2 protein chains.
Amino acid sequence: MQLLQPIEINGMKVSNRVVVPAMVTRLSGEDGHVNQDIIDRYVRYAKGEIGLIVVEAMAIHKSKSGPLLRISDEDYVPGLTDLVSRIHDSSDSKVVPQIIHFLKVARSGWRQTLDMLSLEDIELIVEQFGDAVARARAAGFDGAELHSAHAYTLASFLSRANPRTDEYSGRTLVGRLTMIGRVMENVRKKVGTDFPVGVRYVADEYIKDGYTIGDAKLIGLRLAQLGFDYLSLSVGGKFEDAIHKQGEVPYPYTGYSGDRCMPGDWYPPALHAHLGGEIKAFVNEKGYDVPVMVAGKISDPDIAERLVADGVVDMVAIARGLLADPDWVKKVKADRRDHIIQCDYCNWCKILDGTHQKVRCTIWPKDALQAPEYALSNEVPAWPEAGAGLKGEYADGAVTLSWNAAVGSIAGYDIYRAEDSGDIKQTKAVKARRWNDRTVMAGVKYRYYVRARDESGHPSAPSDSVIVEPRMAPPQFA
Amino acid sequence: MQLLQPIEINGMKVSNRVVVPAMVTRLSGEDGHVNQDIIDRYVRYAKGEIGLIVVEAMAIHKSKSGPLLRISDEDYVPGLTDLVSRIHDSSDSKVVPQIIHFLKVARSGWRQTLDMLSLEDIELIVEQFGDAVARARAAGFDGAELHSAHAYTLASFLSRANPRTDEYSGRTLVGRLTMIGRVMENVRKKVGTDFPVGVRYVADEYIKDGYTIGDAKLIGLRLAQLGFDYLSLSVGGKFEDAIHKQGEVPYPYTGYSGDRCMPGDWYPPALHAHLGGEIKAFVNEKGYDVPVMVAGKISDPDIAERLVADGVVDMVAIARGLLADPDWVKKVKADRRDHIIQCDYCNWCKILDGTHQKVRCTIWPKDALQAPEYALSNEVPAWPEAGAGLKGEYADGAVTLSWNAAVGSIAGYDIYRAEDSGDIKQTKAVKARRWNDRTVMAGVKYRYYVRARDESGHPSAPSDSVIVEPRMAPPQFA
């Protein structure tokens with residue numbers, strides 16, 4: 001598989017094309033120091049043999065926030081050094097931190113915007129980015145990633161909503177690109193050119209008057225010219241359309257651009273891959289072979305393989321899919337794809353993040369703070385002697401499925417659905433023995449089966465299939 | 001060209017694959033009757049030999065609104081009959097009205113939502129739709145189109161934001177589809193099955209928690225099952241993200257979903273065509289060959305041709321492009337593509353619509369209420385003896401172009417731009433002799449030329465080209 005081929009990024013030897021992009025964990029304390037929970041979370045990914053682990057955003061400054069890692073001071077380096085060495089001790093996964101600056105937000109809904117920054121403020125940010133990347137190198141990280149995506153400072157400079165009118169002006173693309181150029185120049189001054197420095201930015205802002213793929217291609221070109229060692233693409237996640245709840249700090253993933261950034265189950269898979277592909281094609285055509293990765297509902301190994309094998313992108317970034325199952329790569333390697341615990345995009349993790357609670361996955365065992373360990377076992381869940389007894393009934397616009405409890409150590413059930421003669425695909429993961437499918441349509445024949453699974457993903461055999469053909473009163477054209 | 005091939009829609013013989021979709025004109029008075037300005041606007045499209053003209057939305061009820069046509073009463077039929085016969089007298093263009101129901105909105109920002117409708121209210125709407133389509137048939141229209149897109153009542157039933165919990169429930173797809181089924185059933189009862197009835201709906205709501213292509217395919221299937229004779233696809237345009245200005249009636253195209261619905265110049269061309277293609281492929285696969293059309297920045301004849309020739313969609317809907325130049329089809333037929341006055345997506349028309357002013361095009365002559373007539377002429381604009389004198393200079397992140405006045409009856413200038421060795425494309429239309437290009441990037445070589453054009457699109461020869469290579473300070477990695 002092309003997905004499992006190594007790739008070298010400015011000397012960093014990444015053993016496969018799978019990346020866990022930065023995900024807020026809310027596991028650190030308010031002090032911003034690495035703690036045991038943080039170590040456990042990232043070591044878990046390393047044990048899963050993921051090619052590149054991007055550690056959640058860590059701040060270059062001391063500005064107030066929810067639980068967030070910091071890299072704003074030498075005091076944070078020992079903890080980060082420990083984190084890196086624990087990861088390196090676990091597998092050959094490479095690890096880089098995501099380095100962030102953010103502007104101030106208040107419970108009142110007020111937020112600091114770029115036009116409030118003085119030139120001195122900007123100089124300080126430029127300095128802080130350089131110093132932070134130098135600390136990342138000192139801590140033993142294999143590289144670093146600048147966070148220039150979503151609602152944060154560097155992204156605000158790139159945005160079409162950038163309100164400045166000086167040399168960092170939002171009125172021209174060149175003006176919008178000035179800050180990232182200054183930051184990268186200082187980063188290189190501090191760490192040299194032989195330290196891999198990637199950048200994450202959005203391929204489409206998905207906000208009113210925001211930039212789209214046209215600008216994103218040119219931004220990608222500039223980032224390549226600036227010597228970034230990889231381009232990691234996300235979309236949306238902006239403050240401009242955030243929904244502010246009285247008395248709460250605005251959370252930039254509450255609006256439509258937040259939907260796009262962490263698309264729910266009603267979005268198609270790999271929905272932003274084509275944007276990554278357009279950017280890669282454009283940047284390559286201009287003579288830069290910088291690796292490009294893209295995120296967004298890529299958790300099906302076949303889709304991931306196709307994106308890499310067809311050269312759409314160089315690497316795939318899988319966030320929620322790897323949170324659900326950090327052993328995704330290991331299971332693909334072992335040709336145990338049906339052991340993968342598939343994310344069903346319920347976005348409970350997003351809710352936990354948005355409310356500053358420790359981020360977990362609803363598919364994990366109750367109260368677990370980390371994904372269960374995986375070891376190939378011969379004890380797999382089974383259906384009782386009477387069988388799974390899967391029943392499916394259509395009523396009131398929905399198909400209600402119910403089935404018998406499986407035998408063994410059962411963590412949950414995966415529901416598979418095929419439409420007409422199409423492929424059968426996992427559609428939902430549940431803990432109960434009942435589920436309502438509310439998106440069925442008359443004129444389509446639905447086939448379902450259910451598989452039980454234990455904590456680490458060992459699946460039972462599929463249950464018998466049930467076929468349901470919803471009916472809808474035909475119109476009377478008498 | 002496949003674009004110029006006829007297509008038959010339930011007996012309606014449409015002479016080519018180009019459609020002018022419904023566009024609000026604000027030309028009617030508050031009384032909702034057809035007037036001379038309305039007739040002139042649509043006769044102008046007919047003279048342009050557009051295959052299918054969809055007349056702007058006309059209301060099935062008397063609810064207050066800005067200037068809007070009505071079909072809510074027999075009194076409106078004579079005016080509509082006159083409109084239709086004037087169109088039919090002008091060319092073989094076919095003409096259908098878009099039939100709309102909308103809920104109440106107030107200057108306070110309050111708006112009526114679906115859950116405020118009693119079952120009696122719903123019965124009334126079902127009746128009104130049937131009666132309105134019957135009036136359309138009586139007026140001589142070639143068919144009718146139900147408006148089930150954007151922010152209006154039928155679309156609100158289809159929406160994932162539908163708040164009802166009864167048989168019209170937003171909780172299931174079947175519930176969301178109940179209303180359009182009841183309406184179509186009554187429409188067929190009133191006009192029979194031999195009258196073409198199409199439907200417009202959105203392929204993606206582009207709002208938080210809104211439906212996406214997954215549901216849109218199933219909705220398309222249901223609409224085909226219901227016997228709709230064509231599917232016309234738009235996107236977005238919802239109240240849910242509208243920006244409310246104090247004291248003004250909310251306008252559903254002010255938010256992000258409005259950006260997507262009428263995408264500005266920073267969006268790529270034909271950006272929603274792939275959604276139309278997915279819906280067509282799905283519905284065809286399920287055994288329905290209903291024609292599918294899609295809108296969204298399709299004004300380049302080559303792109304339009306490719307979409308039809310490749311079978312992505314059956315027809316292309318061009319709104320702003322045909323407002324700018326109603327003779328688009330005629331000029332394509334005559335192989336005079338460079339006479340087409342190209343829309344540059346400045347969205348002045350959208351601003352006029354949103355502020356209830358008569359909708360015109362900024363490319364038209366000042367104060368003109370209709371596009372100028374077109375007749376092939378040998379008198380074309382020319383450059384003065386000294387030439388166009390095109391100058392291009394890069395400074396402060398932008399390229400400033402300036403040039404000499406052309407000789408003749410000059411309505412404006414089109415600016416063409418090529419990037420590196422790419423094709424040269426029209427980028428902007430201006431009336432002045434100066435333009436700033438603010439989206440240029442260092443590392444790309446830009447070639448520009450300018451053409452002058454008269455009122456009906458006769459172009460001058462291209463000016464000499466000017467090449468500009470923006471510079472950006474390279475980063476210093478010392």
# chains A, B, ... in the order shown; residues from 1 in each chain; ligands from 1
$ select_by_dssp --residues "region 146-388 of chain B" --states "strand (DSSP E or B)" --output "short mmCIF file (atom, residue, chain, number, x, y, z; two decimals) with N, CA, C and O atoms, in the first residue's frame"
data_model
loop_
_atom_site.label_atom_id
_atom_site.label_comp_id
_atom_site.auth_asym_id
_atom_site.auth_seq_id
_atom_site.Cartn_x
_atom_site.Cartn_y
_atom_site.Cartn_z
N LEU B 146 -41.86 24.87 -9.23
CA LEU B 146 -42.11 25.13 -7.81
C LEU B 146 -40.82 25.54 -7.14
O LEU B 146 -39.77 24.91 -7.33
N HIS B 147 -40.90 26.60 -6.36
CA HIS B 147 -39.72 27.12 -5.67
C HIS B 147 -39.59 26.41 -4.33
O HIS B 147 -40.27 26.73 -3.37
N SER B 148 -38.68 25.43 -4.30
CA SER B 148 -38.45 24.69 -3.07
C SER B 148 -36.99 24.85 -2.65
O SER B 148 -36.38 23.96 -2.07
N VAL B 197 -43.94 20.37 -15.00
CA VAL B 197 -43.76 21.00 -13.70
C VAL B 197 -42.38 20.62 -13.16
O VAL B 197 -42.11 19.46 -12.87
N GLY B 198 -41.51 21.61 -13.08
CA GLY B 198 -40.18 21.40 -12.54
C GLY B 198 -40.10 21.86 -11.10
O GLY B 198 -41.06 22.39 -10.53
N VAL B 199 -38.95 21.67 -10.49
CA VAL B 199 -38.77 22.09 -9.11
C VAL B 199 -37.34 22.57 -8.92
O VAL B 199 -36.41 22.02 -9.51
N ARG B 200 -37.21 23.61 -8.14
CA ARG B 200 -35.87 24.08 -7.80
C ARG B 200 -35.63 23.78 -6.32
O ARG B 200 -36.50 24.04 -5.48
N TYR B 201 -34.49 23.23 -6.02
CA TYR B 201 -34.13 22.99 -4.62
C TYR B 201 -32.62 23.11 -4.46
O TYR B 201 -31.91 23.27 -5.46
N VAL B 202 -32.16 23.09 -3.22
CA VAL B 202 -30.73 23.30 -3.01
C VAL B 202 -30.00 21.97 -2.80
O VAL B 202 -30.50 21.07 -2.12
N TYR B 230 -38.39 18.40 -14.19
CA TYR B 230 -36.97 18.71 -14.16
C TYR B 230 -36.57 19.06 -12.73
O TYR B 230 -37.41 19.46 -11.92
N LEU B 231 -35.29 18.88 -12.44
CA LEU B 231 -34.70 19.27 -11.16
C LEU B 231 -33.72 20.39 -11.45
O LEU B 231 -32.79 20.23 -12.23
N SER B 232 -33.95 21.53 -10.80
CA SER B 232 -33.07 22.69 -11.00
C SER B 232 -32.37 22.95 -9.68
O SER B 232 -33.00 23.21 -8.66
N LEU B 233 -31.05 22.89 -9.72
CA LEU B 233 -30.30 22.94 -8.46
C LEU B 233 -29.62 24.28 -8.21
O LEU B 233 -28.97 24.84 -9.09
N SER B 234 -29.84 24.74 -7.01
CA SER B 234 -29.12 25.90 -6.50
C SER B 234 -28.49 25.46 -5.18
O SER B 234 -28.50 24.27 -4.86
N VAL B 292 -31.69 17.35 -15.32
CA VAL B 292 -31.12 18.05 -14.17
C VAL B 292 -30.36 19.28 -14.68
O VAL B 292 -29.60 19.19 -15.64
N MET B 293 -30.60 20.41 -14.03
CA MET B 293 -29.84 21.63 -14.35
C MET B 293 -29.24 22.19 -13.07
O MET B 293 -29.75 21.95 -11.99
N VAL B 294 -28.16 22.92 -13.23
CA VAL B 294 -27.48 23.46 -12.06
C VAL B 294 -27.00 24.88 -12.38
O VAL B 294 -26.67 25.18 -13.53
N ALA B 295 -26.98 25.72 -11.35
CA ALA B 295 -26.52 27.11 -11.50
C ALA B 295 -25.26 27.34 -10.68
O ALA B 295 -24.86 26.49 -9.90
N MET B 315 -28.72 20.47 -18.47
CA MET B 315 -28.85 21.87 -18.85
C MET B 315 -28.05 22.72 -17.86
O MET B 315 -27.83 22.31 -16.73
N VAL B 316 -27.68 23.92 -18.32
CA VAL B 316 -26.98 24.84 -17.41
C VAL B 316 -27.86 26.06 -17.16
O VAL B 316 -28.45 26.62 -18.08
N ALA B 317 -27.94 26.43 -15.91
CA ALA B 317 -28.71 27.62 -15.52
C ALA B 317 -27.72 28.75 -15.28
O ALA B 317 -26.78 28.61 -14.50
N ALA B 382 -11.98 50.91 -31.25
CA ALA B 382 -10.59 50.74 -31.68
C ALA B 382 -9.69 51.50 -30.72
O ALA B 382 -10.14 52.37 -29.98
#
$ interface_residues --of "chain A" --to "chain B" --cutoff "6 Å" --atoms "only C-alpha atoms" --output "CSV table (one decimal) with C-alpha atoms, in the first residue's frame"
chain,number,residue,atom,x,y,z
A,172,THR,CA,-4.0,42.6,-0.9
A,173,LEU,CA,-2.9,39.0,-0.9
A,174,VAL,CA,0.7,40.1,-0.5
A,185,GLU,CA,12.1,34.2,8.5
A,188,ARG,CA,14.7,29.9,10.3
A,189,LYS,CA,17.0,32.4,12.0
A,207,ILE,CA,-17.2,32.2,6.1
A,208,LYS,CA,-19.0,35.1,4.5
A,256,TYR,CA,-21.0,26.8,10.0
A,397,GLY,CA,-40.2,7.7,8.3
A,438,ARG,CA,-33.9,8.4,10.1
A,439,THR,CA,-32.4,9.1,6.6
A,475,PRO,CA,-49.0,10.7,-5.0
A,476,GLN,CA,-52.6,10.3,-6.4
A,477,PHE,CA,-52.8,12.0,-9.8
$ residues_around --residues "Asn16 (chain A)" --least-positions-apart "6" --cutoff "7 Å" --atoms "only C-alpha atoms" --output "ChimeraX atom specification"
/A:3-7,51
$ atom_distance --atom1 "CA of Met1 (chain B)" --atom2 "CA of Ile50 (chain B)"
14.8 Å
$ closest_residue --among "A:Ser421, A:Ser108, A:Ser72, A:Asn10" --to "Pro196 (chain A)" --atoms "only C-alpha atoms"
A:Asn10
$ residues_around --residues "Gly457 (chain B)" --least-positions-apart "2" --cutoff "10 Å" --atoms "only C-alpha atoms" --output "list of chain:residue names"
B:Asp325, B:Asp327, B:Lys331, B:Arg336, B:Arg337, B:Asp338, B:His339, B:Ile340, B:Ile341, B:Gln342, B:Pro372, B:Glu373, B:Tyr374, B:Ala375, B:Leu376, B:Val380, B:Pro381, B:Ile410, B:Ala411, B:Gly412, B:Ala452, B:Arg453, B:Asp454, B:Glu455, B:Pro459, B:Ser460
$ residues_around --residues "Ser463 (chain B)" --least-positions-apart "6" --cutoff "9 Å" --atoms "only C-alpha atoms" --output "list of chain:residue names"
B:Trp383, B:Gly387, B:Ala388, B:Gly389, B:Leu390, B:Trp403, B:Tyr448, B:Tyr449, B:Val450, B:Arg451, B:Ala452
$ residues_around --residues "Ala242 (chain A)" --least-positions-apart "2" --cutoff "7 Å" --atoms "only C-alpha atoms" --output "PyMOL selection string"
chain A and resi 238-240+244+250-255
$ write_last_selection --atoms "N, CA, C and O atoms" --output "JSON list (two decimals), in the first residue's frame"
[["chain", "number", "residue", "atom", "x", "y", "z"],
["A", 238, "LYS", "N", -13.72, 29.32, 12.16],
["A", 238, "LYS", "CA", -13.43, 30.75, 12.34],
["A", 238, "LYS", "C", -14.30, 31.37, 13.45],
["A", 238, "LYS", "O", -15.42, 30.92, 13.72],
["A", 239, "PHE", "N", -13.77, 32.43, 14.03],
["A", 239, "PHE", "CA", -14.56, 33.19, 15.01],
["A", 239, "PHE", "C", -15.69, 33.98, 14.34],
["A", 239, "PHE", "O", -16.70, 34.29, 14.98],
["A", 240, "GLU", "N", -15.50, 34.35, 13.08],
["A", 240, "GLU", "CA", -16.45, 35.27, 12.44],
["A", 240, "GLU", "C", -17.89, 34.76, 12.48],
["A", 240, "GLU", "O", -18.82, 35.56, 12.51],
["A", 244, "HIS", "N", -22.18, 32.94, 19.90],
["A", 244, "HIS", "CA", -21.78, 33.30, 21.26],
["A", 244, "HIS", "C", -22.89, 33.05, 22.25],
["A", 244, "HIS", "O", -23.99, 33.61, 22.13],
["A", 250, "PRO", "N", -16.36, 32.77, 23.54],
["A", 250, "PRO", "CA", -16.71, 32.28, 22.19],
["A", 250, "PRO", "C", -15.79, 31.13, 21.77],
["A", 250, "PRO", "O", -14.58, 31.17, 22.02],
["A", 251, "TYR", "N", -16.37, 30.13, 21.16],
["A", 251, "TYR", "CA", -15.65, 28.94, 20.70],
["A", 251, "TYR", "C", -15.78, 28.92, 19.18],
["A", 251, "TYR", "O", -16.88, 28.94, 18.64],
["A", 252, "PRO", "N", -14.63, 28.91, 18.48],
["A", 252, "PRO", "CA", -14.70, 29.16, 17.04],
["A", 252, "PRO", "C", -15.23, 28.02, 16.19],
["A", 252, "PRO", "O", -15.22, 28.13, 14.98],
["A", 253, "TYR", "N", -15.69, 26.95, 16.82],
["A", 253, "TYR", "CA", -16.19, 25.83, 16.02],
["A", 253, "TYR", "C", -17.70, 25.67, 16.17],
["A", 253, "TYR", "O", -18.26, 24.61, 15.89],
["A", 254, "THR", "N", -18.36, 26.74, 16.62],
["A", 254, "THR", "CA", -19.80, 26.65, 16.88],
["A", 254, "THR", "C", -20.64, 27.09, 15.70],
["A", 254, "THR", "O", -21.85, 26.89, 15.69],
["A", 255, "GLY", "N", -20.03, 27.71, 14.71],
["A", 255, "GLY", "CA", -20.78, 28.18, 13.55],
["A", 255, "GLY", "C", -20.67, 27.22, 12.38],
["A", 255, "GLY", "O", -20.22, 26.08, 12.53]]
$ atom_distance --atom1 "CA of Pro67 (chain B)" --atom2 "CA of Phe102 (chain B)"
13.8 Å
$ closest_residue --among "A:Pro384, A:Ala406, A:Gly143, A:Ala324" --to "Arg360 (chain A)" --atoms "only C-alpha atoms"
A:Ala324
$ select_by_dssp --residues "region 296-426 of chain B" --states "helix (DSSP H, G or I)" --output "PDB file with N, CA and C atoms, in the first residue's frame"
ATOM      1  N   PRO B 301     -18.691  29.784 -22.028  1.00  0.00           N
ATOM      2  CA  PRO B 301     -19.329  28.811 -22.921  1.00  0.00           C
ATOM      3  C   PRO B 301     -18.596  27.466 -22.967  1.00  0.00           C
ATOM      4  N   ASP B 302     -17.276  27.481 -22.846  1.00  0.00           N
ATOM      5  CA  ASP B 302     -16.539  26.211 -22.885  1.00  0.00           C
ATOM      6  C   ASP B 302     -16.879  25.344 -21.680  1.00  0.00           C
ATOM      7  N   ILE B 303     -16.959  25.965 -20.521  1.00  0.00           N
ATOM      8  CA  ILE B 303     -17.321  25.215 -19.312  1.00  0.00           C
ATOM      9  C   ILE B 303     -18.749  24.701 -19.430  1.00  0.00           C
ATOM     10  N   ALA B 304     -19.643  25.551 -19.902  1.00  0.00           N
ATOM     11  CA  ALA B 304     -21.052  25.154 -20.051  1.00  0.00           C
ATOM     12  C   ALA B 304     -21.168  23.966 -21.008  1.00  0.00           C
ATOM     13  N   GLU B 305     -20.453  24.054 -22.117  1.00  0.00           N
ATOM     14  CA  GLU B 305     -20.495  22.985 -23.113  1.00  0.00           C
ATOM     15  C   GLU B 305     -19.977  21.673 -22.512  1.00  0.00           C
ATOM     16  N   ARG B 306     -18.880  21.771 -21.780  1.00  0.00           N
ATOM     17  CA  ARG B 306     -18.294  20.565 -21.221  1.00  0.00           C
ATOM     18  C   ARG B 306     -19.253  19.890 -20.230  1.00  0.00           C
ATOM     19  N   LEU B 307     -19.935  20.694 -19.424  1.00  0.00           N
ATOM     20  CA  LEU B 307     -20.866  20.130 -18.439  1.00  0.00           C
ATOM     21  C   LEU B 307     -21.984  19.353 -19.118  1.00  0.00           C
ATOM     22  N   VAL B 308     -22.459  19.880 -20.245  1.00  0.00           N
ATOM     23  CA  VAL B 308     -23.545  19.196 -20.952  1.00  0.00           C
ATOM     24  C   VAL B 308     -22.994  18.032 -21.780  1.00  0.00           C
ATOM     25  N   ALA B 309     -21.904  18.287 -22.479  1.00  0.00           N
ATOM     26  CA  ALA B 309     -21.341  17.248 -23.361  1.00  0.00           C
ATOM     27  C   ALA B 309     -20.869  16.040 -22.559  1.00  0.00           C
ATOM     28  N   ARG B 320     -26.666  35.457 -13.390  1.00  0.00           N
ATOM     29  CA  ARG B 320     -26.005  36.759 -13.541  1.00  0.00           C
ATOM     30  C   ARG B 320     -25.363  36.916 -14.915  1.00  0.00           C
ATOM     31  N   GLY B 321     -24.869  35.811 -15.472  1.00  0.00           N
ATOM     32  CA  GLY B 321     -24.248  35.878 -16.799  1.00  0.00           C
ATOM     33  C   GLY B 321     -25.234  36.304 -17.877  1.00  0.00           C
ATOM     34  N   LEU B 322     -26.487  35.879 -17.740  1.00  0.00           N
ATOM     35  CA  LEU B 322     -27.494  36.246 -18.745  1.00  0.00           C
ATOM     36  C   LEU B 322     -28.126  37.594 -18.436  1.00  0.00           C
ATOM     37  N   LEU B 323     -28.074  37.998 -17.176  1.00  0.00           N
ATOM     38  CA  LEU B 323     -28.489  39.368 -16.852  1.00  0.00           C
ATOM     39  C   LEU B 323     -27.508  40.329 -17.513  1.00  0.00           C
ATOM     40  N   ALA B 324     -26.222  40.033 -17.371  1.00  0.00           N
ATOM     41  CA  ALA B 324     -25.192  40.884 -17.989  1.00  0.00           C
ATOM     42  C   ALA B 324     -25.344  40.895 -19.504  1.00  0.00           C
ATOM     43  N   TRP B 328     -26.225  35.993 -24.796  1.00  0.00           N
ATOM     44  CA  TRP B 328     -25.177  34.985 -24.613  1.00  0.00           C
ATOM     45  C   TRP B 328     -25.371  33.812 -25.582  1.00  0.00           C
ATOM     46  N   VAL B 329     -26.592  33.260 -25.613  1.00  0.00           N
ATOM     47  CA  VAL B 329     -26.861  32.093 -26.479  1.00  0.00           C
ATOM     48  C   VAL B 329     -26.701  32.472 -27.948  1.00  0.00           C
ATOM     49  N   LYS B 330     -27.263  33.596 -28.294  1.00  0.00           N
ATOM     50  CA  LYS B 330     -27.231  34.061 -29.682  1.00  0.00           C
ATOM     51  C   LYS B 330     -25.784  34.238 -30.144  1.00  0.00           C
ATOM     52  N   LYS B 331     -24.954  34.768 -29.280  1.00  0.00           N
ATOM     53  CA  LYS B 331     -23.554  35.001 -29.624  1.00  0.00           C
ATOM     54  C   LYS B 331     -22.777  33.683 -29.691  1.00  0.00           C
ATOM     55  N   VAL B 332     -23.140  32.738 -28.830  1.00  0.00           N
ATOM     56  CA  VAL B 332     -22.502  31.414 -28.911  1.00  0.00           C
ATOM     57  C   VAL B 332     -22.902  30.749 -30.224  1.00  0.00           C
ATOM     58  N   LYS B 333     -24.197  30.823 -30.555  1.00  0.00           N
ATOM     59  CA  LYS B 333     -24.687  30.247 -31.816  1.00  0.00           C
ATOM     60  C   LYS B 333     -23.946  30.836 -33.006  1.00  0.00           C
ATOM     61  N   ARG B 337     -18.206  34.395 -29.583  1.00  0.00           N
ATOM     62  CA  ARG B 337     -18.059  34.332 -28.122  1.00  0.00           C
ATOM     63  C   ARG B 337     -17.363  35.546 -27.547  1.00  0.00           C
ATOM     64  N   ASP B 338     -16.475  36.151 -28.351  1.00  0.00           N
ATOM     65  CA  ASP B 338     -15.775  37.309 -27.782  1.00  0.00           C
ATOM     66  C   ASP B 338     -16.647  38.556 -27.813  1.00  0.00           C
ATOM     67  N   HIS B 339     -17.879  38.422 -28.323  1.00  0.00           N
ATOM     68  CA  HIS B 339     -18.831  39.534 -28.206  1.00  0.00           C
ATOM     69  C   HIS B 339     -19.646  39.440 -26.912  1.00  0.00           C
ATOM     70  N   TRP B 348     -23.432  43.617  -7.847  1.00  0.00           N
ATOM     71  CA  TRP B 348     -24.250  44.827  -7.692  1.00  0.00           C
ATOM     72  C   TRP B 348     -25.727  44.448  -7.804  1.00  0.00           C
ATOM     73  N   CYS B 349     -26.033  43.504  -8.689  1.00  0.00           N
ATOM     74  CA  CYS B 349     -27.425  43.036  -8.854  1.00  0.00           C
ATOM     75  C   CYS B 349     -27.970  42.487  -7.546  1.00  0.00           C
ATOM     76  N   LYS B 350     -27.106  41.811  -6.808  1.00  0.00           N
ATOM     77  CA  LYS B 350     -27.523  41.243  -5.524  1.00  0.00           C
ATOM     78  C   LYS B 350     -27.822  42.359  -4.511  1.00  0.00           C
ATOM     79  N   ILE B 351     -26.989  43.376  -4.541  1.00  0.00           N
ATOM     80  CA  ILE B 351     -27.203  44.509  -3.627  1.00  0.00           C
ATOM     81  C   ILE B 351     -28.531  45.197  -3.947  1.00  0.00           C
ATOM     82  N   LEU B 352     -28.815  45.390  -5.233  1.00  0.00           N
ATOM     83  CA  LEU B 352     -30.069  46.031  -5.635  1.00  0.00           C
ATOM     84  C   LEU B 352     -31.258  45.189  -5.184  1.00  0.00           C
ATOM     85  N   ASP B 353     -31.172  43.891  -5.381  1.00  0.00           N
ATOM     86  CA  ASP B 353     -32.239  42.991  -4.949  1.00  0.00           C
ATOM     87  C   ASP B 353     -32.447  43.115  -3.435  1.00  0.00           C
ATOM     88  N   GLY B 354     -31.348  43.061  -2.703  1.00  0.00           N
ATOM     89  CA  GLY B 354     -31.423  43.064  -1.243  1.00  0.00           C
ATOM     90  C   GLY B 354     -31.970  44.362  -0.674  1.00  0.00           C
TER      91      GLY B 354
END
$ residues_around --residues "Glu278 (chain A)" --least-positions-apart "6" --cutoff "10 Å" --atoms "only C-alpha atoms" --output "ChimeraX atom specification"
/A:203,213-214,216-217,284,312-313
$ write_last_selection --atoms "all heavy atoms" --output "CSV table (one decimal), in the first residue's frame"
chain,number,residue,atom,x,y,z
A,203,ALA,N,-7.9,25.6,3.5
A,203,ALA,CA,-8.0,25.6,2.1
A,203,ALA,C,-9.3,26.4,1.7
A,203,ALA,O,-9.4,26.8,0.5
A,203,ALA,CB,-8.2,24.2,1.5
A,213,ILE,N,-10.7,28.5,-2.5
A,213,ILE,CA,-9.5,27.7,-3.1
A,213,ILE,C,-8.6,28.6,-4.0
A,213,ILE,O,-7.4,28.3,-4.0
A,213,ILE,CB,-10.1,26.5,-3.8
A,213,ILE,CG1,-8.9,25.6,-4.4
A,213,ILE,CG2,-11.0,26.8,-4.9
A,213,ILE,CD1,-8.1,24.9,-3.3
A,214,GLY,N,-9.2,29.6,-4.6
A,214,GLY,CA,-8.4,30.4,-5.5
A,214,GLY,C,-7.2,31.0,-4.7
A,214,GLY,O,-6.0,30.9,-5.1
A,216,ALA,N,-6.3,30.1,-1.7
A,216,ALA,CA,-5.6,29.0,-1.0
A,216,ALA,C,-4.4,28.4,-1.8
A,216,ALA,O,-3.4,28.1,-1.3
A,216,ALA,CB,-6.6,27.9,-0.6
A,217,LYS,N,-4.6,28.4,-3.1
A,217,LYS,CA,-3.5,27.9,-4.0
A,217,LYS,C,-2.3,28.8,-3.9
A,217,LYS,O,-1.2,28.4,-3.8
A,217,LYS,CB,-4.0,27.7,-5.4
A,217,LYS,CG,-5.0,26.5,-5.5
A,217,LYS,CD,-5.3,26.1,-7.0
A,217,LYS,CE,-6.1,27.1,-7.7
A,217,LYS,NZ,-6.6,26.6,-9.0
A,284,ASN,N,3.0,22.1,-7.0
A,284,ASN,CA,3.9,21.2,-7.8
A,284,ASN,C,4.2,21.8,-9.1
A,284,ASN,O,5.3,21.8,-9.6
A,284,ASN,CB,3.3,19.8,-8.0
A,284,ASN,CG,3.3,18.9,-6.7
A,284,ASN,OD1,2.7,17.9,-6.7
A,284,ASN,ND2,3.9,19.4,-5.6
A,312,VAL,N,-3.2,12.5,-5.2
A,312,VAL,CA,-4.1,13.6,-4.8
A,312,VAL,C,-3.3,14.4,-3.7
A,312,VAL,O,-3.2,15.7,-3.8
A,312,VAL,CB,-5.5,13.2,-4.4
A,312,VAL,CG1,-6.3,14.4,-3.9
A,312,VAL,CG2,-6.2,12.5,-5.5
A,313,VAL,N,-2.9,13.7,-2.7
A,313,VAL,CA,-2.1,14.4,-1.6
A,313,VAL,C,-1.0,13.4,-1.3
A,313,VAL,O,-1.0,12.2,-1.7
A,313,VAL,CB,-2.9,14.7,-0.4
A,313,VAL,CG1,-3.8,15.9,-0.6
A,313,VAL,CG2,-3.8,13.5,0.1
